[in-house]
Amino acid sequence: YRVGRNSPVVQALLDAVRKLHPRHQARNPVMFTVWVGSLFVTGLAVLALAGSADAPAGFIITIAAWLWFTLLFANFAEAMAEGRGKAQAASLRRTRSETLARVLPDPTDRFTLVAKSAGELRRGDVVIVAAGELIPGDGEVIEGVASVDESAVTGESAPVIRESGGGRSAVTSGTTVLSDWLIIRISVDPGESFLDRMIGLIEAAKRQKTPNEIALDILLAALTLVFLV
């Protein structure tokens, strides 16, 4: 099994090394202490190899290796968690950029179609979507009746019926038409669709620490300070 350069694991390993920068380590007092200790013990290892240390060089090098491994493992776990969010946002971006819309310049003429990227659609554009195609933008059904798979948005596996008029005319970008066809009038400009908002939420998401996690961080910082003293 060969891991590609763009593999999430490889990216996480590279990010783990980048996170060794002191500006990042300073955000966590406990890991910053480990980082300082790693540098200090690495310096002792260099002195030991030069014959200027009291302890055996092998012992000091082993301690330094374990300290650096601790830092890299913590950074790797953090990078893997961040990578999942980035991968999800990248997948949504591809959905938006790779989805082609069939635009009807004249809604009364269904035989004249213009292909556009979903990201280029503007408010008021009219598109036709057939079975098996993704709906390219948020809008309102103005003609047709079809079953739509909205599991990507709502998580509900059962398809829903979308039709013109009434309360079932609204459709969301990224959902899939399962049967028949729909003619949709786009109701949002670029950057305002559901997919755009979802990408923004994923990229800006930051999990709040629970009270137990905050208390544990304080305890670890205090114990680290006591240990150093």
# chains A, B, ... in the order shown; residues from 1 in each chain; ligands from 1
$ residues_around --residues "region 96-109 of chain A" --least-positions-apart "5" --cutoff "8 Å" --atoms "only C-alpha atoms" --output "mmCIF file with C-alpha atoms, in the first residue's frame"
data_model
loop_
_atom_site.group_PDB
_atom_site.id
_atom_site.type_symbol
_atom_site.label_atom_id
_atom_site.label_comp_id
_atom_site.auth_asym_id
_atom_site.auth_seq_id
_atom_site.Cartn_x
_atom_site.Cartn_y
_atom_site.Cartn_z
ATOM 1 C CA VAL A 114 -26.162 27.607 -22.238
ATOM 2 C CA ALA A 115 -23.734 25.692 -20.028
ATOM 3 C CA LYS A 116 -22.453 27.554 -16.956
ATOM 4 C CA SER A 117 -20.543 26.630 -13.837
ATOM 5 C CA ALA A 118 -22.695 26.566 -10.716
ATOM 6 C CA GLY A 119 -20.486 29.274 -9.197
ATOM 7 C CA ASP A 125 -31.079 32.778 -13.913
ATOM 8 C CA VAL A 126 -33.352 29.937 -15.014
ATOM 9 C CA VAL A 127 -31.908 26.417 -15.206
ATOM 10 C CA ILE A 128 -33.277 23.015 -16.091
ATOM 11 C CA VAL A 129 -32.239 19.975 -14.047
ATOM 12 C CA LEU A 134 -27.254 18.025 -8.971
ATOM 13 C CA ILE A 135 -29.249 21.186 -8.403
ATOM 14 C CA PRO A 136 -26.657 23.914 -9.085
ATOM 15 C CA GLY A 174 -26.060 20.305 -3.785
ATOM 16 C CA LEU A 195 -23.099 25.449 -0.061
#
$ residues_around --residues "Ser164 (chain A)" --least-positions-apart "6" --cutoff "6 Å" --atoms "only C-alpha atoms" --output "list in words"
Val141, Ile142 and Glu143 of chain A
$ closest_residue --among "A:Ala146, A:Leu39, A:Val229, A:Val171" --to "Phe194 (chain A)" --atoms "only C-alpha atoms"
A:Val171
$ select_by_dssp --residues "region 32-150 of chain A" --states "helix (DSSP H, G or I)" --output "PyMOL selection string"
chain A and resi 32-49+57-98+118-120
$ closest_atom_pairs --of "region 21-68 of chain A" --to "region 73-80 of chain A" --cutoff "10 Å" --atoms "only C-alpha atoms" --output "JSON lines"
{"residue": "A:His24", "atom": "CA", "partner": "A:Asn75", "partner_atom": "CA", "distance": 9.9}
{"residue": "A:Gln25", "atom": "CA", "partner": "A:Asn75", "partner_atom": "CA", "distance": 9.3}
{"residue": "A:Met31", "atom": "CA", "partner": "A:Ala74", "partner_atom": "CA", "distance": 8.5}
{"residue": "A:Leu67", "atom": "CA", "partner": "A:Phe73", "partner_atom": "CA", "distance": 10.0}
{"residue": "A:Trp68", "atom": "CA", "partner": "A:Phe73", "partner_atom": "CA", "distance": 8.5}
$ write_last_selection --atoms "N, CA and C atoms" --output "tab-separated table (two decimals), in the first residue's frame"
chain	number	residue	atom	x	y	z
A	24	HIS	N	3.11	28.55	17.41
A	24	HIS	CA	1.98	27.63	17.58
A	24	HIS	C	2.06	26.93	18.93
A	25	GLN	N	3.25	26.51	19.34
A	25	GLN	CA	3.39	25.77	20.59
A	25	GLN	C	3.07	26.65	21.80
A	31	MET	N	2.39	21.85	26.26
A	31	MET	CA	3.20	21.41	25.13
A	31	MET	C	4.34	22.37	24.86
A	67	LEU	N	10.85	12.92	23.77
A	67	LEU	CA	10.22	14.24	23.89
A	67	LEU	C	9.76	14.75	22.53
A	68	TRP	N	10.61	14.64	21.51
A	68	TRP	CA	10.21	15.08	20.18
A	68	TRP	C	9.07	14.22	19.62
$ closest_residue --among "A:Leu49, A:Leu121, A:Ala158, A:Val17" --to "Ile184 (chain A)" --atoms "only C-alpha atoms"
A:Leu121
$ closest_residue --among "A:Thr175, A:Ser169, A:Asn28, A:Thr62" --to "Val41 (chain A)" --atoms "only C-alpha atoms"
A:Thr62
$ atom_distance --atom1 "CA of Gly58 (chain A)" --atom2 "CA of Val30 (chain A)"
26.0 Å
$ residues_around --residues "Ala64 (chain A)" --least-positions-apart "6" --cutoff "8 Å" --atoms "only C-alpha atoms" --output "PyMOL selection string"
chain A and resi 38+41-42+45
$ write_last_selection --atoms "N, CA, C and O atoms" --output "short mmCIF file (atom, residue, chain, number, x, y, z; two decimals), in the first residue's frame"
data_model
loop_
_atom_site.label_atom_id
_atom_site.label_comp_id
_atom_site.auth_asym_id
_atom_site.auth_seq_id
_atom_site.Cartn_x
_atom_site.Cartn_y
_atom_site.Cartn_z
N SER A 38 12.45 19.78 25.07
CA SER A 38 13.04 19.03 23.95
C SER A 38 14.28 19.73 23.42
O SER A 38 15.30 19.09 23.12
N VAL A 41 17.10 19.32 26.08
CA VAL A 41 17.68 17.98 26.12
C VAL A 41 18.45 17.68 24.83
O VAL A 41 19.48 17.00 24.85
N THR A 42 17.97 18.23 23.70
CA THR A 42 18.71 18.05 22.44
C THR A 42 20.08 18.73 22.54
O THR A 42 21.09 18.18 22.06
N ALA A 45 22.23 16.52 24.45
CA ALA A 45 22.67 15.38 23.65
C ALA A 45 23.87 15.75 22.78
O ALA A 45 24.81 14.95 22.62
#
$ atom_distance --atom1 "CA of Leu182 (chain A)" --atom2 "CA of Ser151 (chain A)"
18.3 Å
$ select_by_dssp --residues "region 21-228 of chain A" --states "strand (DSSP E or B)" --output "ChimeraX atom specification"
/A:100-103,114-117,126-130,134,139-143,145-149,160-163,170-171,176-177,181-186
$ atom_distance --atom1 "CA of Ala55 (chain A)" --atom2 "CA of Leu228 (chain A)"
20.1 Å
